[in-house]
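S.K.: Can you keep this structure in mind? I'll have questions shortly.
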Amino acid sequence: MTSIGPDAPPLASPAPDSPIAFRHRNYALFWFARLASTFAIQIVSVAVGWQVYDITRDPWDLGLVGLFQFLPAIALVLLTGPASDRFSRRWIMTICAGIEALCALTLVVLTFEQNRDVRLIFAVLFVFGVARAFYAPASWAIVPTLIPQVALPNAIAWNASSWQFASIMGPVAGGLLYGLGPSVAYGVAAAMALISAALTVALTSTQARQTLERNWTTLVAGFRYVFSEKVVLGAISLDLFAVLLGGAVALMPAVARDVLHLGPWGLGLMRAAPGIGAIAVAGLLSVRPIRDRAGHIMFLCVGLFGLATAVFGLSTTTWLSIAALVVMGGADMVSVTIRETLMQLWTPDEVRGRVNAVNMMFIGASNELGEFRAGSMAAFIGVMPAIVVGGVGAMAVAGIWAWAFPGLRTTRRLESREG
């Protein structure tokens, strides 16, 4: 049984049938809100990584930075999705952005107190991860309720560009702000999260509020859908294992300091490099979208991602390392575009929150758990060997998944099941 919630008035848009997402007021507000939130996350990620490594000089702790942010996503996956389908996604996003701001302010306090107990920092990151766990599925699921379907492909491309823009400027800003002091970086992150909350409050949505039965079937509906759609399952799991093995973000502070001999600004540049590649590819896709052989292109780019990761692991010169990271980001952008387009076009709205929660869990596993994999492996075999092994593993995953998911490999066009 469904009913229209209090946050579901008609869309206020000057061009209700326009395929251009930014011509719809709701989407413009959402885009800037999500940009601000992602900006805050990127600044905190860079600052915490550098601060923790400054305190302990242990790559293992860099892995724990990612792990403590990921654990809530997997522990709460059966709650975050149903919450997004049952309650107002707008208010979930607003509250979570506020919690992110409080976490950043707590890190400011710990810095002023000259805290050197990383366990307190990890505790804050865990709460930060809880907020991100609820925010992510709500932010993805709300998009189709803000704009007409004709504008959805354009919105998906802009969503990816928003994240990538923040991934470029956020790390650079984080590195520069950390140079002024950790408390400055965390303070700016808190301000960005509060801006995100304020913009989200102004949204209107056509979300159908549902009265969900409180049973096991309701909780696992997202998993049921993903595993019933083999193309979606293949795309999500391919990204999961490729980035899980090939991700090298957690080790960048060690590479910047110990291999390339760079300061915080260099770390910010390294963190921004994948985003630069992604933005370049996003611009290319906006004028030359993927119209055919989407599956083949996806597998080739995942293999290229692994190869670029291995090159990064072998490099001892700054320019080659930056170039490899740019290629990594560009190749990964193709996977993101294909996966998210399939997710949004193929998923019914009544389970969209739960499906996106599953998707966010996979993404979190590939990123934060991948950081833990990299950090823990580096503690045993060294930083650069850990990166190279991960890159080779990502290439192997591309080959194995091409064989295991022939339906994904032979997918030609990005369209809904009904298309």
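Chain labels follow the order of the structure tokens: the first chain is A, the next B, and so on; residue numbering restarts at 1 in every chain, and ligands are counted from 1 in their shown order.
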Can you pull out every residue within 6 Å of region 390-394 of chain A, counting only C-alpha atoms, but drop anything in the same chain fewer than 6 positions away, and send it as a list of chain:residue names?
M.R.: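 These residues fall inside the cut-off: A:Ala242, A:Leu245, A:Gly246, A:Gly306, A:Leu307, A:Thr309, A:Ala310.
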S.K.: Contacts of Ala402 (chain A) at 12 Å or less, counting only C-alpha atoms, minus same-chain residues fewer than 4 places along, as a list in words?
M.R.: Val231, Gly234, Ala235, Ser237, Leu238, Gly295, His296, Ile297, Met298, Phe299, Leu300, Val302, Gly303, Met395, Ala396, Val397, Ala398, Pro406, Gly407, Leu408, Arg409, Thr410 and Thr411 of chain A
S.K.: Interatomic distance between CA of Leu260 (chain A) and CA of Pro182 (chain A)?
M.R.: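 CA of Pro182 (chain A) lies at a distance of 22.2 Å from CA of Leu260 (chain A).
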S.K.: Need to verify the contact set: Ile92 (chain A), 9 Å, only C-alpha atoms, exclusion of same-chain residues closer than 2 positions in sequence. Can you return it as a ChimeraX atom specification?
M.R.: /A:83-84,87-90,94-97,134-135,138-139
S.K.: Would you mind exporting N, CA and C atoms of the selected residues as a PDB file, in the first residue's frame?
M.R.:
```
ATOM      1  N   ALA A  83      14.745   1.916   4.824  1.00  0.00           N
ATOM      2  CA  ALA A  83      14.517   3.280   5.322  1.00  0.00           C
ATOM      3  C   ALA A  83      14.341   4.251   4.170  1.00  0.00           C
ATOM      4  N   SER A  84      15.132   4.081   3.110  1.00  0.00           N
ATOM      5  CA  SER A  84      15.044   4.969   1.953  1.00  0.00           C
ATOM      6  C   SER A  84      13.726   4.800   1.204  1.00  0.00           C
ATOM      7  N   PHE A  87      10.741   6.014   4.333  1.00  0.00           N
ATOM      8  CA  PHE A  87      10.737   7.372   4.865  1.00  0.00           C
ATOM      9  C   PHE A  87      11.162   8.379   3.798  1.00  0.00           C
ATOM     10  N   SER A  88      11.031   9.632   4.123  1.00  0.00           N
ATOM     11  CA  SER A  88      11.396  10.709   3.202  1.00  0.00           C
ATOM     12  C   SER A  88      12.893  10.683   2.913  1.00  0.00           C
ATOM     13  N   ARG A  89      13.236  10.476   1.659  1.00  0.00           N
ATOM     14  CA  ARG A  89      14.642  10.467   1.272  1.00  0.00           C
ATOM     15  C   ARG A  89      15.263  11.849   1.473  1.00  0.00           C
ATOM     16  N   ARG A  90      14.468  12.869   1.279  1.00  0.00           N
ATOM     17  CA  ARG A  90      14.951  14.234   1.484  1.00  0.00           C
ATOM     18  C   ARG A  90      15.406  14.445   2.925  1.00  0.00           C
ATOM     19  N   THR A  94      19.134  15.089   4.622  1.00  0.00           N
ATOM     20  CA  THR A  94      19.368  16.279   5.439  1.00  0.00           C
ATOM     21  C   THR A  94      19.978  15.918   6.790  1.00  0.00           C
ATOM     22  N   ILE A  95      19.388  14.934   7.459  1.00  0.00           N
ATOM     23  CA  ILE A  95      19.884  14.518   8.776  1.00  0.00           C
ATOM     24  C   ILE A  95      21.299  13.964   8.678  1.00  0.00           C
ATOM     25  N   CYS A  96      21.553  13.147   7.663  1.00  0.00           N
ATOM     26  CA  CYS A  96      22.877  12.544   7.520  1.00  0.00           C
ATOM     27  C   CYS A  96      23.941  13.596   7.228  1.00  0.00           C
ATOM     28  N   ALA A  97      23.601  14.594   6.412  1.00  0.00           N
ATOM     29  CA  ALA A  97      24.556  15.672   6.154  1.00  0.00           C
ATOM     30  C   ALA A  97      24.874  16.425   7.446  1.00  0.00           C
ATOM     31  N   PHE A 134      23.468   5.708   5.256  1.00  0.00           N
ATOM     32  CA  PHE A 134      22.071   6.067   5.037  1.00  0.00           C
ATOM     33  C   PHE A 134      21.921   7.103   3.925  1.00  0.00           C
ATOM     34  N   TYR A 135      22.910   7.998   3.800  1.00  0.00           N
ATOM     35  CA  TYR A 135      22.823   9.073   2.815  1.00  0.00           C
ATOM     36  C   TYR A 135      22.894   8.537   1.385  1.00  0.00           C
ATOM     37  N   ALA A 138      19.704   6.859  -0.314  1.00  0.00           N
ATOM     38  CA  ALA A 138      18.656   7.874  -0.427  1.00  0.00           C
ATOM     39  C   ALA A 138      18.985   8.871  -1.533  1.00  0.00           C
ATOM     40  N   SER A 139      20.258   9.268  -1.640  1.00  0.00           N
ATOM     41  CA  SER A 139      20.641  10.267  -2.638  1.00  0.00           C
ATOM     42  C   SER A 139      20.549   9.721  -4.054  1.00  0.00           C
TER      43      SER A 139
END
```
S.K.: To one decimal place, how far is CA of Leu251 (chain A) from CA of Leu177 (chain A) in Å?
M.R.: 20.1 Å
S.K.: For Ala256 (chain A), please output as a CSV table (one decimal) with N, CA and C atoms, in the first residue's frame all residues within 6 Å (counting only C-alpha atoms; exclusion window: fewer than 5 positions along the same chain).
M.R.:
```csv
chain,number,residue,atom,x,y,z
A,261,HIS,N,58.4,11.5,-2.4
A,261,HIS,CA,58.9,12.6,-1.5
A,261,HIS,C,58.2,13.9,-1.7
A,262,LEU,N,56.8,13.8,-1.6
A,262,LEU,CA,56.0,15.0,-1.8
A,262,LEU,C,55.4,15.3,-0.5
A,267,LEU,N,50.0,15.0,-2.2
A,267,LEU,CA,49.0,14.0,-1.9
A,267,LEU,C,47.7,14.5,-2.5
```
S.K.: Using DSSP on the backbone, list every residue of region 94-335 of chain A that comes out as alpha helix (DSSP H), and give them as an MDAnalysis selection string.
M.R.: chainID A and resid 94:112 118:141 152:180 182:201 216:219 221:228 230:246 252:254 264:287 294:314 318:335
S.K.: Write out as a PyMOL selection string each polymer residue whose atoms come within 10 Å of Arg373 (chain A), counting only C-alpha atoms; drop sequence neighbours fewer than 5 positions from it.
M.R.: chain A and resi 60+63-64+66-67+244-248+250+366-368+378+386+390
S.K.: Which polymer residues have any atom within 9 Å of an atom of region 128-131 of chain A, counting only C-alpha atoms, with same-chain residues fewer than 5 positions away left out, as a list in words?
M.R.: Phe68, Gln69, Phe70, Leu71, Pro72, Ala73, Leu76, Met93, Ile95, Cys96, Ala97, Gly98, Ile99, Glu100, Ala101, Leu102, Cys103, Ala104, Ala123 and Ala136 of chain A
S.K.: Emit the selected residues as a compact mmCIF listing (two decimals), in the first residue's frame, including all heavy atoms.
M.R.:
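Wrote selection_21.txt, looks like this:
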```
# COMPACT_ATOMS: atom_id res chain seq x y z
N PHE A 68 36.88 1.44 8.72
CA PHE A 68 35.91 1.99 9.68
C PHE A 68 34.84 2.83 9.00
O PHE A 68 33.74 2.99 9.54
CB PHE A 68 36.62 2.80 10.75
CG PHE A 68 37.17 1.97 11.87
CD1 PHE A 68 38.51 1.62 11.90
CD2 PHE A 68 36.34 1.50 12.87
CE1 PHE A 68 39.02 0.83 12.92
CE2 PHE A 68 36.84 0.70 13.90
CZ PHE A 68 38.18 0.38 13.93
N GLN A 69 35.12 3.33 7.81
CA GLN A 69 34.09 4.03 7.06
C GLN A 69 33.19 3.07 6.30
O GLN A 69 32.03 3.39 6.02
CB GLN A 69 34.72 5.03 6.08
CG GLN A 69 35.43 6.18 6.76
CD GLN A 69 35.98 7.17 5.76
OE1 GLN A 69 35.24 7.96 5.17
NE2 GLN A 69 37.28 7.13 5.55
N PHE A 70 33.70 1.88 5.98
CA PHE A 70 32.92 0.92 5.22
C PHE A 70 32.05 0.01 6.08
O PHE A 70 30.95 -0.37 5.68
CB PHE A 70 33.86 0.05 4.38
CG PHE A 70 33.20 -1.19 3.84
CD1 PHE A 70 32.25 -1.11 2.84
CD2 PHE A 70 33.53 -2.44 4.34
CE1 PHE A 70 31.63 -2.24 2.35
CE2 PHE A 70 32.91 -3.58 3.86
CZ PHE A 70 31.96 -3.49 2.86
N LEU A 71 32.51 -0.34 7.26
CA LEU A 71 31.79 -1.29 8.10
C LEU A 71 30.31 -0.95 8.29
O LEU A 71 29.46 -1.84 8.20
CB LEU A 71 32.49 -1.42 9.46
CG LEU A 71 33.75 -2.29 9.51
CD1 LEU A 71 34.36 -2.25 10.91
CD2 LEU A 71 33.43 -3.73 9.11
N PRO A 72 29.94 0.32 8.54
CA PRO A 72 28.51 0.61 8.71
C PRO A 72 27.69 0.30 7.47
O PRO A 72 26.53 -0.11 7.58
CB PRO A 72 28.51 2.11 9.01
CG PRO A 72 29.84 2.39 9.59
CD PRO A 72 30.78 1.50 8.85
N ALA A 73 28.27 0.48 6.28
CA ALA A 73 27.52 0.24 5.05
C ALA A 73 27.11 -1.23 4.94
O ALA A 73 25.98 -1.54 4.53
CB ALA A 73 28.35 0.65 3.83
N LEU A 76 24.67 -2.29 8.09
CA LEU A 76 23.33 -1.70 8.11
C LEU A 76 22.61 -1.82 6.77
O LEU A 76 21.55 -1.20 6.59
CB LEU A 76 23.44 -0.22 8.50
CG LEU A 76 24.06 0.09 9.86
CD1 LEU A 76 24.25 1.59 10.02
CD2 LEU A 76 23.19 -0.47 10.97
N MET A 93 18.61 12.44 3.83
CA MET A 93 19.81 13.13 3.34
C MET A 93 20.16 14.33 4.22
O MET A 93 21.33 14.57 4.53
CB MET A 93 19.59 13.57 1.89
CG MET A 93 19.49 12.42 0.89
SD MET A 93 18.94 13.00 -0.74
CE MET A 93 20.25 14.15 -1.14
N ILE A 95 19.39 14.93 7.46
CA ILE A 95 19.88 14.52 8.78
C ILE A 95 21.30 13.96 8.68
O ILE A 95 22.17 14.28 9.50
CB ILE A 95 18.93 13.48 9.40
CG1 ILE A 95 17.58 14.14 9.72
CG2 ILE A 95 19.53 12.87 10.66
CD1 ILE A 95 16.50 13.16 10.10
N CYS A 96 21.55 13.15 7.66
CA CYS A 96 22.88 12.54 7.52
C CYS A 96 23.94 13.60 7.23
O CYS A 96 25.07 13.51 7.74
CB CYS A 96 22.86 11.49 6.42
SG CYS A 96 21.93 10.00 6.86
N ALA A 97 23.60 14.59 6.41
CA ALA A 97 24.56 15.67 6.15
C ALA A 97 24.87 16.42 7.45
O ALA A 97 26.03 16.82 7.69
CB ALA A 97 24.00 16.63 5.10
N GLY A 98 23.86 16.60 8.30
CA GLY A 98 24.10 17.24 9.60
C GLY A 98 25.02 16.42 10.48
O GLY A 98 25.89 16.98 11.17
N ILE A 99 24.86 15.10 10.47
CA ILE A 99 25.73 14.23 11.26
C ILE A 99 27.17 14.30 10.73
O ILE A 99 28.13 14.31 11.51
CB ILE A 99 25.20 12.79 11.25
CG1 ILE A 99 23.86 12.71 11.99
CG2 ILE A 99 26.21 11.83 11.89
CD1 ILE A 99 23.19 11.36 11.90
N GLU A 100 27.32 14.33 9.41
CA GLU A 100 28.66 14.46 8.84
C GLU A 100 29.33 15.74 9.32
O GLU A 100 30.53 15.76 9.62
CB GLU A 100 28.57 14.45 7.31
CG GLU A 100 28.17 13.10 6.72
CD GLU A 100 27.93 13.17 5.22
OE1 GLU A 100 28.07 14.28 4.64
OE2 GLU A 100 27.60 12.14 4.62
N ALA A 101 28.55 16.83 9.39
CA ALA A 101 29.10 18.10 9.88
C ALA A 101 29.55 17.97 11.33
O ALA A 101 30.63 18.46 11.71
CB ALA A 101 28.06 19.21 9.74
N LEU A 102 28.74 17.30 12.17
CA LEU A 102 29.10 17.11 13.57
C LEU A 102 30.38 16.28 13.71
O LEU A 102 31.22 16.55 14.57
CB LEU A 102 27.95 16.44 14.32
CG LEU A 102 26.72 17.31 14.57
CD1 LEU A 102 25.61 16.48 15.22
CD2 LEU A 102 27.06 18.51 15.45
N CYS A 103 30.53 15.27 12.86
CA CYS A 103 31.74 14.45 12.90
C CYS A 103 32.97 15.28 12.55
O CYS A 103 34.03 15.16 13.19
CB CYS A 103 31.61 13.27 11.95
SG CYS A 103 30.44 12.00 12.48
N ALA A 104 32.84 16.11 11.52
CA ALA A 104 33.97 16.96 11.13
C ALA A 104 34.32 17.93 12.26
O ALA A 104 35.51 18.17 12.54
CB ALA A 104 33.63 17.72 9.86
N ALA A 123 36.76 6.01 15.82
CA ALA A 123 35.39 6.03 16.33
C ALA A 123 34.57 7.10 15.63
O ALA A 123 33.40 6.87 15.25
CB ALA A 123 35.39 6.29 17.84
N ALA A 136 23.80 7.59 1.14
CA ALA A 136 24.08 7.16 -0.23
C ALA A 136 22.86 6.57 -0.95
O ALA A 136 22.51 7.04 -2.04
CB ALA A 136 25.24 6.17 -0.23
```
S.K.: Calculated over only C-alpha atoms, which of the candidates A:Ala331, A:Ala308, A:Ala202, A:Ile338 has the smallest distance to Phe32 (chain A)?
M.R.: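 Of A:Ala331, A:Ala308, A:Ala202, A:Ile338, the one nearest Phe32 (chain A), counting only C-alpha atoms, is A:Ala202.
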S.K.: Quick one: everything within 12 Å of Ala273 (chain A), counting only C-alpha atoms, minus sequence neighbours fewer than 4 positions away in the same chain. Send it as an mmCIF file with N, CA, C and O atoms, in the first residue's frame.
M.R.:
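New file selection-v4.cif:
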```cif
data_model
loop_
_atom_site.group_PDB
_atom_site.id
_atom_site.type_symbol
_atom_site.label_atom_id
_atom_site.label_comp_id
_atom_site.auth_asym_id
_atom_site.auth_seq_id
_atom_site.Cartn_x
_atom_site.Cartn_y
_atom_site.Cartn_z
ATOM 1 N N GLN A 164 32.895 13.348 -9.569
ATOM 2 C CA GLN A 164 34.257 13.452 -10.060
ATOM 3 C C GLN A 164 34.829 14.852 -9.851
ATOM 4 O O GLN A 164 36.009 15.005 -9.536
ATOM 5 N N PHE A 165 33.995 15.881 -10.016
ATOM 6 C CA PHE A 165 34.472 17.243 -9.759
ATOM 7 C C PHE A 165 34.904 17.370 -8.306
ATOM 8 O O PHE A 165 35.952 17.954 -8.005
ATOM 9 N N ALA A 166 34.086 16.821 -7.400
ATOM 10 C CA ALA A 166 34.444 16.861 -5.985
ATOM 11 C C ALA A 166 35.695 16.040 -5.719
ATOM 12 O O ALA A 166 36.513 16.394 -4.862
ATOM 13 N N SER A 167 35.863 14.940 -6.461
ATOM 14 C CA SER A 167 37.039 14.095 -6.262
ATOM 15 C C SER A 167 38.302 14.762 -6.796
ATOM 16 O O SER A 167 39.418 14.377 -6.420
ATOM 17 N N ILE A 168 38.144 15.759 -7.680
ATOM 18 C CA ILE A 168 39.295 16.531 -8.155
ATOM 19 C C ILE A 168 39.626 17.646 -7.165
ATOM 20 O O ILE A 168 40.732 17.740 -6.642
ATOM 21 N N MET A 169 38.628 18.491 -6.918
ATOM 22 C CA MET A 169 38.871 19.681 -6.114
ATOM 23 C C MET A 169 38.936 19.370 -4.612
ATOM 24 O O MET A 169 39.674 20.028 -3.885
ATOM 25 N N GLY A 170 38.170 18.380 -4.170
ATOM 26 C CA GLY A 170 38.165 18.035 -2.753
ATOM 27 C C GLY A 170 39.532 17.622 -2.224
ATOM 28 O O GLY A 170 40.010 18.172 -1.221
ATOM 29 N N PRO A 171 40.202 16.656 -2.882
ATOM 30 C CA PRO A 171 41.530 16.267 -2.405
ATOM 31 C C PRO A 171 42.555 17.397 -2.485
ATOM 32 O O PRO A 171 43.400 17.533 -1.593
ATOM 33 N N VAL A 172 42.498 18.182 -3.566
ATOM 34 C CA VAL A 172 43.431 19.305 -3.671
ATOM 35 C C VAL A 172 43.188 20.276 -2.525
ATOM 36 O O VAL A 172 44.124 20.716 -1.840
ATOM 37 N N VAL A 249 44.061 4.035 -3.391
ATOM 38 C CA VAL A 249 43.887 5.342 -2.765
ATOM 39 C C VAL A 249 44.459 5.376 -1.353
ATOM 40 O O VAL A 249 45.113 6.343 -0.947
ATOM 41 N N MET A 252 48.177 6.170 -0.986
ATOM 42 C CA MET A 252 48.739 7.391 -1.559
ATOM 43 C C MET A 252 49.544 8.218 -0.557
ATOM 44 O O MET A 252 50.575 8.788 -0.941
ATOM 45 N N GLY A 266 51.189 17.490 -2.662
ATOM 46 C CA GLY A 266 51.399 16.410 -3.626
ATOM 47 C C GLY A 266 50.379 15.304 -3.460
ATOM 48 O O GLY A 266 49.905 14.721 -4.435
ATOM 49 N N LEU A 267 50.031 15.011 -2.201
ATOM 50 C CA LEU A 267 48.999 14.013 -1.942
ATOM 51 C C LEU A 267 47.664 14.482 -2.518
ATOM 52 O O LEU A 267 46.936 13.699 -3.132
ATOM 53 N N GLY A 268 47.351 15.766 -2.334
ATOM 54 C CA GLY A 268 46.117 16.294 -2.901
ATOM 55 C C GLY A 268 46.094 16.167 -4.412
ATOM 56 O O GLY A 268 45.072 15.811 -5.006
ATOM 57 N N LEU A 269 47.236 16.434 -5.066
ATOM 58 C CA LEU A 269 47.317 16.309 -6.522
ATOM 59 C C LEU A 269 47.128 14.858 -6.953
ATOM 60 O O LEU A 269 46.432 14.575 -7.935
ATOM 61 N N GLY A 277 41.043 12.486 -14.887
ATOM 62 C CA GLY A 277 40.799 11.546 -15.972
ATOM 63 C C GLY A 277 39.325 11.246 -16.144
ATOM 64 O O GLY A 277 38.817 11.150 -17.270
ATOM 65 N N ALA A 278 38.622 11.114 -15.028
ATOM 66 C CA ALA A 278 37.192 10.812 -15.085
ATOM 67 C C ALA A 278 36.394 11.958 -15.689
ATOM 68 O O ALA A 278 35.473 11.744 -16.490
ATOM 69 N N ILE A 279 36.728 13.194 -15.312
ATOM 70 C CA ILE A 279 36.022 14.346 -15.863
ATOM 71 C C ILE A 279 36.254 14.445 -17.368
ATOM 72 O O ILE A 279 35.344 14.753 -18.144
ATOM 73 N N ALA A 280 37.482 14.179 -17.805
ATOM 74 C CA ALA A 280 37.777 14.216 -19.236
ATOM 75 C C ALA A 280 36.932 13.188 -19.987
ATOM 76 O O ALA A 280 36.358 13.479 -21.047
ATOM 77 N N PHE A 312 51.270 2.477 -11.955
ATOM 78 C CA PHE A 312 51.404 3.359 -10.793
ATOM 79 C C PHE A 312 52.244 2.695 -9.703
ATOM 80 O O PHE A 312 53.075 3.344 -9.054
ATOM 81 N N THR A 318 57.192 11.298 -10.351
ATOM 82 C CA THR A 318 55.903 11.947 -10.109
ATOM 83 C C THR A 318 55.045 12.020 -11.348
ATOM 84 O O THR A 318 53.853 11.697 -11.321
ATOM 85 N N TRP A 319 55.607 12.425 -12.491
ATOM 86 C CA TRP A 319 54.798 12.636 -13.692
ATOM 87 C C TRP A 319 54.182 11.335 -14.175
ATOM 88 O O TRP A 319 53.013 11.305 -14.599
ATOM 89 N N LEU A 320 54.922 10.222 -14.109
ATOM 90 C CA LEU A 320 54.381 8.944 -14.554
ATOM 91 C C LEU A 320 53.301 8.451 -13.601
ATOM 92 O O LEU A 320 52.276 7.904 -14.027
ATOM 93 N N SER A 321 53.512 8.655 -12.307
ATOM 94 C CA SER A 321 52.499 8.252 -11.331
ATOM 95 C C SER A 321 51.203 9.020 -11.543
ATOM 96 O O SER A 321 50.108 8.447 -11.531
ATOM 97 N N ILE A 322 51.299 10.333 -11.758
ATOM 98 C CA ILE A 322 50.111 11.152 -11.986
ATOM 99 C C ILE A 322 49.416 10.715 -13.271
ATOM 100 O O ILE A 322 48.180 10.602 -13.322
ATOM 101 N N ALA A 323 50.184 10.462 -14.328
ATOM 102 C CA ALA A 323 49.595 10.038 -15.600
ATOM 103 C C ALA A 323 48.854 8.710 -15.445
ATOM 104 O O ALA A 323 47.749 8.529 -15.989
ATOM 105 N N ALA A 324 49.449 7.770 -14.709
ATOM 106 C CA ALA A 324 48.792 6.484 -14.489
ATOM 107 C C ALA A 324 47.486 6.660 -13.729
ATOM 108 O O ALA A 324 46.478 6.009 -14.040
ATOM 109 N N LEU A 325 47.483 7.550 -12.739
ATOM 110 C CA LEU A 325 46.261 7.798 -11.972
ATOM 111 C C LEU A 325 45.185 8.442 -12.834
ATOM 112 O O LEU A 325 43.996 8.159 -12.666
ATOM 113 N N VAL A 326 45.573 9.309 -13.748
ATOM 114 C CA VAL A 326 44.599 9.924 -14.664
ATOM 115 C C VAL A 326 43.945 8.856 -15.529
ATOM 116 O O VAL A 326 42.718 8.850 -15.719
ATOM 117 N N VAL A 327 44.746 7.935 -16.054
ATOM 118 C CA VAL A 327 44.206 6.843 -16.882
ATOM 119 C C VAL A 327 43.288 5.955 -16.045
ATOM 120 O O VAL A 327 42.222 5.521 -16.509
ATOM 121 N N MET A 328 43.682 5.671 -14.811
ATOM 122 C CA MET A 328 42.827 4.874 -13.921
ATOM 123 C C MET A 328 41.450 5.505 -13.766
ATOM 124 O O MET A 328 40.419 4.836 -13.880
ATOM 125 N N GLY A 329 41.418 6.805 -13.517
ATOM 126 C CA GLY A 329 40.144 7.492 -13.328
ATOM 127 C C GLY A 329 39.295 7.504 -14.576
ATOM 128 O O GLY A 329 38.076 7.324 -14.510
ATOM 129 N N GLY A 330 39.916 7.717 -15.719
ATOM 130 C CA GLY A 330 39.166 7.722 -16.967
ATOM 131 C C GLY A 330 38.562 6.372 -17.275
ATOM 132 O O GLY A 330 37.398 6.269 -17.701
#
```
S.K.: Tell me, in Å to one decimal, how far CA of Ala282 (chain A) is from CA of Ala155 (chain A).
M.R.: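 We find that CA of Ala282 (chain A) and CA of Ala155 (chain A) lie 12.4 Å from each other.
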S.K.: With distances taken over only C-alpha atoms, which of A:Pro385, A:Gly187, A:Pro19, A:Pro289 is nearest to Val44 (chain A)?
M.R.: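 Of the candidates, the smallest distance to Val44 (chain A) is held by A:Gly187.
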